[in-house]
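The file query.tsv contains TSV, C-alpha atoms:
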```tsv
chain	number	residue	atom	x	y	z
A	1054	MET	CA	2.24	25.76	-0.29
A	1055	ILE	CA	4.92	23.24	0.69
A	1056	PHE	CA	3.95	23.66	4.35
A	1057	GLU	CA	0.31	22.77	3.61
A	1058	ALA	CA	1.41	19.79	1.50
A	1059	LEU	CA	3.72	18.47	4.24
A	1060	LEU	CA	1.02	18.97	6.86
A	1061	ALA	CA	-1.44	16.99	4.74
A	1062	ALA	CA	1.18	14.26	4.20
A	1063	GLY	CA	1.78	14.04	7.96
A	1064	LEU	CA	-1.92	13.71	8.68
A	1065	ILE	CA	-2.26	10.97	6.07
A	1066	ALA	CA	0.70	9.12	7.65
A	1067	ALA	CA	-1.08	9.38	11.02
A	1068	THR	CA	-3.92	7.23	9.63
A	1069	SER	CA	-1.51	4.30	10.05
A	1070	MET	CA	-2.37	4.42	13.76
A	1071	ILE	CA	-6.00	3.51	13.09
A	1072	GLY	CA	-5.16	-0.17	13.37
A	1073	VAL	CA	-4.30	0.36	17.05
A	1074	PHE	CA	-7.81	1.63	17.72
A	1075	PHE	CA	-9.47	-0.98	15.52
A	1076	PHE	CA	-7.62	-3.81	17.27
A	1077	GLY	CA	-7.29	-2.06	20.64
A	1078	ASN	CA	-8.99	-4.94	22.40
A	1079	SER	CA	-6.70	-7.99	22.57
A	1080	LYS	CA	-9.67	-10.38	22.42
A	1081	ARG	CA	-10.90	-8.67	19.27
A	1082	LEU	CA	-7.45	-8.97	17.68
A	1083	HIS	CA	-7.13	-12.64	18.64
A	1084	GLY	CA	-10.55	-13.44	17.18
A	1085	ALA	CA	-9.85	-11.54	13.96
A	1086	GLN	CA	-6.35	-12.90	13.30
A	1087	LYS	CA	-7.50	-15.79	11.10
A	1088	TYR	CA	-9.27	-13.27	8.84
A	1089	VAL	CA	-6.51	-10.63	8.75
A	1090	VAL	CA	-4.21	-12.26	6.18
A	1091	PRO	CA	-6.96	-13.30	3.70
A	1092	VAL	CA	-8.55	-9.84	3.94
A	1093	ALA	CA	-5.10	-8.32	3.37
A	1094	VAL	CA	-4.78	-10.37	0.15
A	1095	GLY	CA	-8.06	-8.93	-1.12
A	1096	VAL	CA	-7.09	-5.38	-0.13
A	1097	PHE	CA	-3.68	-5.59	-1.85
A	1098	LEU	CA	-5.14	-7.16	-5.01
A	1099	SER	CA	-7.69	-4.35	-5.27
A	1100	LEU	CA	-5.03	-1.71	-4.67
A	1101	VAL	CA	-2.84	-3.20	-7.40
A	1102	LEU	CA	-5.58	-3.86	-9.98
A	1103	TYR	CA	-7.75	-0.77	-9.50
A	1104	GLU	CA	-5.16	1.81	-8.49
A	1105	LEU	CA	-1.47	1.20	-9.13
A	1106	ILE	CA	-1.43	-0.71	-12.43
A	1107	PRO	CA	-4.03	1.54	-14.15
A	1108	GLU	CA	-2.09	4.66	-13.05
A	1109	THR	CA	1.19	3.14	-14.24
A	1110	LEU	CA	-0.15	2.18	-17.66
A	1111	GLU	CA	-1.93	5.50	-18.12
A	1112	LEU	CA	1.32	7.40	-17.53
A	1113	SER	CA	3.52	5.00	-19.52
A	1114	PRO	CA	1.66	2.56	-21.81
A	1115	GLU	CA	4.92	1.37	-23.41
A	1116	PHE	CA	7.09	0.77	-20.36
A	1117	GLY	CA	4.69	0.60	-17.42
A	1118	GLY	CA	4.54	-3.19	-17.60
A	1119	ILE	CA	8.33	-3.36	-17.25
A	1120	ALA	CA	8.17	-1.38	-13.99
A	1121	VAL	CA	5.49	-3.75	-12.64
A	1122	ALA	CA	7.55	-6.82	-13.65
A	1123	PHE	CA	10.67	-5.31	-12.08
A	1124	GLY	CA	8.80	-4.72	-8.82
A	1125	PHE	CA	7.51	-8.31	-8.83
A	1126	ILE	CA	10.90	-9.89	-9.61
A	1127	SER	CA	12.80	-7.69	-7.15
A	1128	PHE	CA	10.45	-8.82	-4.39
A	1129	TYR	CA	11.02	-12.45	-5.40
A	1130	VAL	CA	14.75	-11.92	-4.83
A	1131	LEU	CA	14.12	-9.99	-1.60
A	1132	ALA	CA	11.79	-12.74	-0.33
A	1133	ASN	CA	14.57	-15.28	-0.82
A	1134	TYR	CA	16.98	-13.06	1.13
A	1135	LEU	CA	14.49	-12.63	3.98
A	1136	HIS	CA	13.86	-16.37	4.09
A	1137	LYS	CA	17.60	-16.91	4.64
A	1138	ARG	CA	17.67	-14.16	7.25
A	1139	TYR	CA	14.84	-15.72	9.28
A	1140	HIS	CA	15.71	-19.37	8.56
A	1141	HIS	CA	16.66	-19.96	12.22
A	1142	LEU	CA	13.04	-19.40	13.25
A	1143	GLU	CA	10.29	-22.00	13.04
A	1144	ALA	CA	8.87	-22.33	9.52
A	1145	ASP	CA	5.58	-20.55	10.19
A	1146	GLU	CA	7.23	-17.72	12.11
A	1147	CYS	CA	9.85	-17.35	9.36
A	1148	ASP	CA	7.08	-16.97	6.77
A	1149	ARG	CA	5.20	-14.42	8.87
A	1150	LYS	CA	8.29	-12.29	9.56
A	1151	GLY	CA	9.26	-12.37	5.88
A	1152	ALA	CA	5.78	-11.39	4.74
A	1153	ALA	CA	5.65	-8.53	7.26
A	1154	SER	CA	9.01	-7.19	6.04
A	1155	LEU	CA	7.93	-7.37	2.40
A	1156	MET	CA	4.68	-5.62	3.25
A	1157	LEU	CA	6.44	-2.73	4.97
A	1158	ILE	CA	8.86	-2.22	2.08
A	1159	GLY	CA	6.15	-2.47	-0.59
A	1160	ASP	CA	3.90	-0.08	1.30
A	1161	SER	CA	6.77	2.40	1.67
A	1162	VAL	CA	7.29	2.45	-2.10
A	1163	HIS	CA	3.55	2.91	-2.62
A	1164	ASN	CA	3.45	5.77	-0.10
A	1165	ILE	CA	6.33	7.56	-1.84
A	1166	ALA	CA	4.22	7.47	-5.02
A	1167	ASP	CA	1.26	8.85	-3.07
A	1168	GLY	CA	3.49	11.66	-1.77
A	1169	VAL	CA	4.46	12.61	-5.32
A	1170	ILE	CA	0.77	12.65	-6.28
A	1171	LEU	CA	-0.11	14.74	-3.23
A	1172	GLY	CA	2.69	17.27	-3.73
A	1173	SER	CA	1.92	17.76	-7.41
A	1174	ALA	CA	-1.76	18.28	-6.61
A	1175	PHE	CA	-0.85	21.06	-4.17
A	1176	MET	CA	1.39	22.70	-6.78
A	1177	ILE	CA	-1.50	22.82	-9.24
A	1178	ASN	CA	-4.01	24.21	-6.73
A	1179	PRO	CA	-4.28	24.02	-2.92
A	1180	ALA	CA	-7.96	23.07	-3.23
A	1181	VAL	CA	-6.99	20.14	-5.49
A	1182	GLY	CA	-4.28	19.26	-2.99
A	1183	PHE	CA	-6.64	19.09	-0.01
A	1184	ALA	CA	-9.20	17.09	-2.01
A	1185	THR	CA	-6.45	14.66	-3.05
A	1186	ALA	CA	-5.29	14.40	0.59
A	1187	ILE	CA	-8.79	13.46	1.74
A	1188	GLY	CA	-9.05	10.83	-0.96
A	1189	LEU	CA	-5.66	9.35	-0.08
A	1190	ALA	CA	-6.46	9.29	3.64
A	1191	LEU	CA	-9.79	7.54	3.09
A	1192	HIS	CA	-8.40	4.70	1.06
A	1193	GLU	CA	-5.42	4.31	3.40
A	1194	ILE	CA	-7.74	3.31	6.24
A	1195	PRO	CA	-8.63	-0.30	5.26
A	1196	GLN	CA	-5.06	-0.89	4.11
A	1197	GLU	CA	-3.55	0.33	7.38
A	1198	ILE	CA	-5.96	-1.73	9.47
A	1199	VAL	CA	-5.01	-5.02	7.79
A	1200	GLU	CA	-1.31	-4.13	7.75
A	1201	PHE	CA	-1.35	-3.56	11.51
A	1202	GLY	CA	-3.05	-6.94	11.92
A	1203	VAL	CA	-0.46	-8.68	9.73
A	1204	LEU	CA	2.39	-7.15	11.76
A	1205	VAL	CA	0.88	-8.24	15.08
A	1206	ARG	CA	0.26	-11.71	13.69
A	1207	ALA	CA	3.93	-11.83	12.64
A	1208	GLY	CA	4.89	-11.60	16.32
A	1209	TYR	CA	5.39	-7.88	16.82
A	1210	SER	CA	3.87	-6.22	19.88
A	1211	LYS	CA	1.08	-3.72	19.27
A	1212	SER	CA	3.45	-0.83	20.00
A	1213	GLN	CA	6.09	-2.22	17.61
A	1214	ALA	CA	3.47	-2.82	14.90
A	1215	ALA	CA	2.17	0.74	15.32
A	1216	LEU	CA	5.70	2.17	15.09
A	1217	PHE	CA	6.69	0.17	11.99
A	1218	ASN	CA	3.40	1.00	10.32
A	1219	LEU	CA	3.90	4.70	11.07
A	1220	LEU	CA	7.46	4.64	9.70
A	1221	SER	CA	6.26	2.97	6.50
A	1222	ALA	CA	3.35	5.40	6.13
A	1223	SER	CA	5.66	8.37	6.73
A	1224	SER	CA	7.43	7.73	3.43
A	1225	ILE	CA	4.57	9.75	1.92
A	1226	VAL	CA	6.37	12.81	3.36
A	1227	LEU	CA	9.50	11.80	1.42
A	1228	GLY	CA	7.49	11.61	-1.80
A	1229	THR	CA	5.92	15.01	-1.11
A	1230	VAL	CA	9.32	16.62	-0.52
A	1231	LEU	CA	10.70	14.89	-3.63
A	1232	ILE	CA	8.09	16.41	-5.94
A	1233	PHE	CA	8.90	19.95	-4.77
A	1234	PHE	CA	12.61	19.44	-5.51
A	1235	VAL	CA	12.21	17.78	-8.91
A	1236	ALA	CA	8.84	19.21	-9.91
A	1237	GLU	CA	9.89	19.86	-13.48
A	1238	HIS	CA	10.51	16.21	-14.29
A	1239	ALA	CA	8.81	14.16	-11.54
A	1240	ALA	CA	5.53	13.68	-13.43
A	1241	ASP	CA	7.48	11.94	-16.20
A	1242	PHE	CA	8.80	9.28	-13.83
A	1243	ILE	CA	6.06	8.63	-11.27
A	1244	TRP	CA	5.02	5.60	-13.35
A	1245	ILE	CA	8.26	3.91	-12.26
A	1246	ILE	CA	7.34	4.27	-8.58
A	1247	THR	CA	3.70	3.21	-9.01
A	1248	GLY	CA	4.74	0.31	-11.25
A	1249	VAL	CA	7.36	-0.99	-8.83
A	1250	ALA	CA	4.89	-0.65	-5.94
A	1251	ALA	CA	2.29	-2.58	-7.96
A	1252	GLY	CA	4.74	-5.41	-8.63
A	1253	ASN	CA	5.82	-5.43	-4.96
A	1254	LEU	CA	2.29	-5.71	-3.57
A	1255	LEU	CA	1.18	-8.15	-6.28
A	1256	PHE	CA	4.02	-10.49	-5.32
A	1257	LEU	CA	3.17	-10.10	-1.65
A	1258	ALA	CA	-0.51	-10.94	-2.21
A	1259	ALA	CA	-0.29	-13.66	-4.86
A	1260	SER	CA	3.10	-15.30	-4.28
A	1261	ASP	CA	3.58	-14.99	-0.53
A	1262	LEU	CA	0.39	-14.46	1.48
A	1263	LEU	CA	-1.97	-16.55	-0.68
A	1264	PRO	CA	0.21	-19.71	-0.79
A	1265	ARG	CA	0.72	-19.40	2.96
A	1266	ILE	CA	-3.05	-19.37	3.49
A	1267	HIS	CA	-3.48	-22.37	1.18
A	1268	GLY	CA	-0.75	-24.28	3.02
A	1269	ASN	CA	-2.30	-23.69	6.45
A	1270	LEU	CA	-6.04	-23.72	5.80
A	1271	LYS	CA	-6.75	-25.20	9.23
A	1272	ASN	CA	-5.58	-21.90	10.73
A	1273	TYR	CA	-8.05	-19.94	8.58
A	1274	GLY	CA	-11.15	-22.09	9.07
A	1275	ASN	CA	-11.44	-23.66	5.62
A	1276	ILE	CA	-11.16	-22.72	1.94
A	1277	TRP	CA	-14.55	-20.99	1.93
A	1278	HIS	CA	-13.80	-18.88	5.01
A	1279	ALA	CA	-10.49	-17.82	3.44
A	1280	THR	CA	-12.11	-17.12	0.05
A	1281	LEU	CA	-14.93	-15.05	1.57
A	1282	SER	CA	-12.36	-13.05	3.56
A	1283	ILE	CA	-10.34	-12.36	0.40
A	1284	VAL	CA	-13.49	-11.29	-1.46
A	1285	LEU	CA	-14.52	-9.08	1.47
A	1286	GLY	CA	-11.15	-7.31	1.49
A	1287	PHE	CA	-11.27	-6.88	-2.30
A	1288	VAL	CA	-14.82	-5.51	-2.31
A	1289	ILE	CA	-14.22	-3.07	0.56
A	1290	MET	CA	-10.99	-1.70	-0.93
A	1291	THR	CA	-12.43	-1.47	-4.44
A	1292	GLY	CA	-15.46	0.38	-3.11
A	1293	VAL	CA	-13.28	2.83	-1.20
A	1294	ILE	CA	-10.99	3.43	-4.21
A	1295	THR	CA	-13.93	3.92	-6.59
A	1296	TRP	CA	-15.73	6.29	-4.22
A	1297	THR	CA	-12.65	8.40	-3.49
A	1298	HIS	CA	-11.78	8.67	-7.19
A	1299	GLU	CA	-15.31	9.81	-8.02
A	1300	HIS	CA	-15.45	12.41	-5.24
A	1301	PHE	CA	-11.83	13.53	-4.84
A	1302	GLY	CA	-10.15	12.69	-8.13
A	1303	HIS	CA	-7.10	10.93	-6.64
A	1304	GLY	CA	-4.18	11.25	-9.03
A	1305	GLU	CA	-5.86	13.58	-11.51
A	1306	GLY	CA	-3.45	16.38	-10.65
A	1307	VAL	CA	-0.45	14.34	-11.74
A	1308	HIS	CA	-2.21	13.11	-14.89
A	1309	ASP	CA	-3.30	16.62	-15.87
A	1310	GLU	CA	0.20	17.99	-15.27
A	1311	HIS	CA	1.71	15.16	-17.32
A	1312	GLU	CA	-0.71	15.80	-20.19
A	1313	MET	CA	-0.11	19.57	-20.15
A	1314	GLU	CA	3.64	19.06	-20.34
A	1315	HIS	CA	3.25	16.85	-23.40
A	1316	GLY	CA	0.59	18.95	-25.08
A	1317	HIS	CA	-2.24	16.38	-24.80
```
Can you present the structure in this file as C-alpha cells?
Amino acid sequence: MIFEALLAAGLIAATSMIGVFFFGNSKRLHGAQKYVVPVAVGVFLSLVLYELIPETLELSPEFGGIAVAFGFISFYVLANYLHKRYHHLEADECDRKGAASLMLIGDSVHNIADGVILGSAFMINPAVGFATAIGLALHEIPQEIVEFGVLVRAGYSKSQAALFNLLSASSIVLGTVLIFFVAEHAADFIWIITGVAAGNLLFLAASDLLPRIHGNLKNYGNIWHATLSIVLGFVIMTGVITWTHEHFGHGEGVHDEHEMEHGH
C-alpha cells in the first residue's frame, strides 16, 4: 500500500513539469509574462478560499483560524528577511526574487498537506487513494503552470524554474511518508499544515503579488487587463477544484478518518 501511495505522490509531483511544456516556446512565454502574475493571484486566492481554509476550519473550527493567521504572519516576517537578502538587486528584481522564494516555500507546505491527504486516503482504501491522486493531480495543473511562469519571470532559466518547481512539488512525497509513520495521530493535526499553507499563500497573493501589480500597472497593460487576468485565474482554479471535489472527493478520506476517530 505504501508503494502505491508513494508512486502516486511521485506522479503528482511530476505534474510540476507541465509548465515547461506549456511555456516551451520562448515567444509564448514572453507574450504571456504580463498575465502570469495576475493569473497567479487568482489561482492562489481560489486555492486558499475554496480549498485550504474550508479544510482547515472543518477539521478544527476553534483553532483553524490561528493556524491561518500564523501562516500569514510568518510569511510577513520571511518576506522582510528575503527583502534584506536581495536588497543588493534592483528594486523590481528584488521583489520578483522574494515573491518566487515565498511561492516555493508556501507551495511546499501545501504539498506536504496534500501528501498527508493522499497517504491517508490510500490507508482507508486503495481505490479511494487513486481517486484522490487523480483529483490532486488535476488541480495541481493550473497552479504549476503559473508557478513556473512566476519563476521564469523572476529571472530563473527554464531549467532552473523546472527544477525548483519539481523540488517544491516533491514535498508531497514527504507528506505521504509522514502519514504512514504517524498515522494514528496525523489526522488530528493536518489542520495545522493546511492552515499554515493557507496563510502563506494568502499573504503571497494579497500582500506581495497584488501590490506589486498595482505598483507597476504599465507592465501589466492596465487595471482592467490585470483584473481580468486575476478573475480568469480565480475562475479556472475554482472550476477545477469544484469539479475534482465532485468527482474524486479530494480530502474526504482524511475527514472521514477524523470523524471516525472522534465518533462523529
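Put simply, atom CA of A:Val1293 is 10.0 Å away from atom CA of A:Leu1100.
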Skip stretch 1131-1137 of chain A itself and residues of its chain fewer than 5 positions away, then list as a list in words all residues within 9 Å of it, counting only C-alpha atoms.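 Listed by chain and then number, they are Ile1126, Cys1147, Asp1148, Lys1150, Gly1151, Ala1152, Ser1154, Leu1155 and Asp1261 of chain A.
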Rank A:Ser1069, A:Ser1161, A:Thr1247, A:Thr1291 by their smallest atom-to-atom distance to A:Asn1218, using all atoms listed in the file, and report the top residue only. A:Ser1069
Got a sec: who's within 10 Å of A:Ala1259, counting all atoms listed in the file, leaving out chain neighbours fewer than 3 positions off, as a PyMOL selection string? chain A and resi 1094-1095+1097-1098+1254-1256+1262-1265
Quick one, how far is atom CA of A:Phe1301 from atom CA of A:Ala1184?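 Separating atom CA of A:Phe1301 from atom CA of A:Ala1184 is a distance of 5.3 Å.
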12 Å contact set for A:Ser1212, only C-alpha atoms, chain neighbours under 2 positions out, as JSON, numbers by chain: {"A": [1070, 1072, 1073, 1074, 1076, 1077, 1201, 1204, 1205, 1208, 1209, 1210, 1214, 1215, 1216, 1217, 1218, 1219]}
Select, from A:Val1235, A:Ile1225, A:Ile1071, A:Val1203, the residue with the minimum atom-to-atom distance to A:Lys1087, counting only C-alpha atoms. A:Val1203
Could you check how far atom CA of A:Phe1287 sits from atom CA of A:Glu1115, in Å to one decimal? 27.9 Å
Got a sec: who's within 6 Å of A:Val1089, counting all atoms listed in the file, leaving out chain neighbours fewer than 2 positions off, as a PyMOL selection string? chain A and resi 1086-1087+1091-1092+1199+1202
Which of these residues is nearest to A:Met1156, using only C-alpha atoms: A:Gly1252, A:Pro1179, A:Gly1274, A:Gly1118?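 Between A:Gly1252, A:Pro1179, A:Gly1274, A:Gly1118, the residue approaching A:Met1156 most closely is A:Gly1252.
Counting only C-alpha atoms, the residue from A:Ile1283, A:Thr1109, A:Ile1065, A:Ala1093 that sits nearest to A:Gly1168 is A:Ile1065.
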Counting all atoms listed in the file, I want the residues whose atoms come within 12 Å of (-7.3, 9.0, 3.3) in the file frame, returned as an MDAnalysis selection string. chainID A and resid 1061:1069 1071 1164 1167 1171 1183:1197 1222 1225 1293:1294 1296:1298 1301 1303
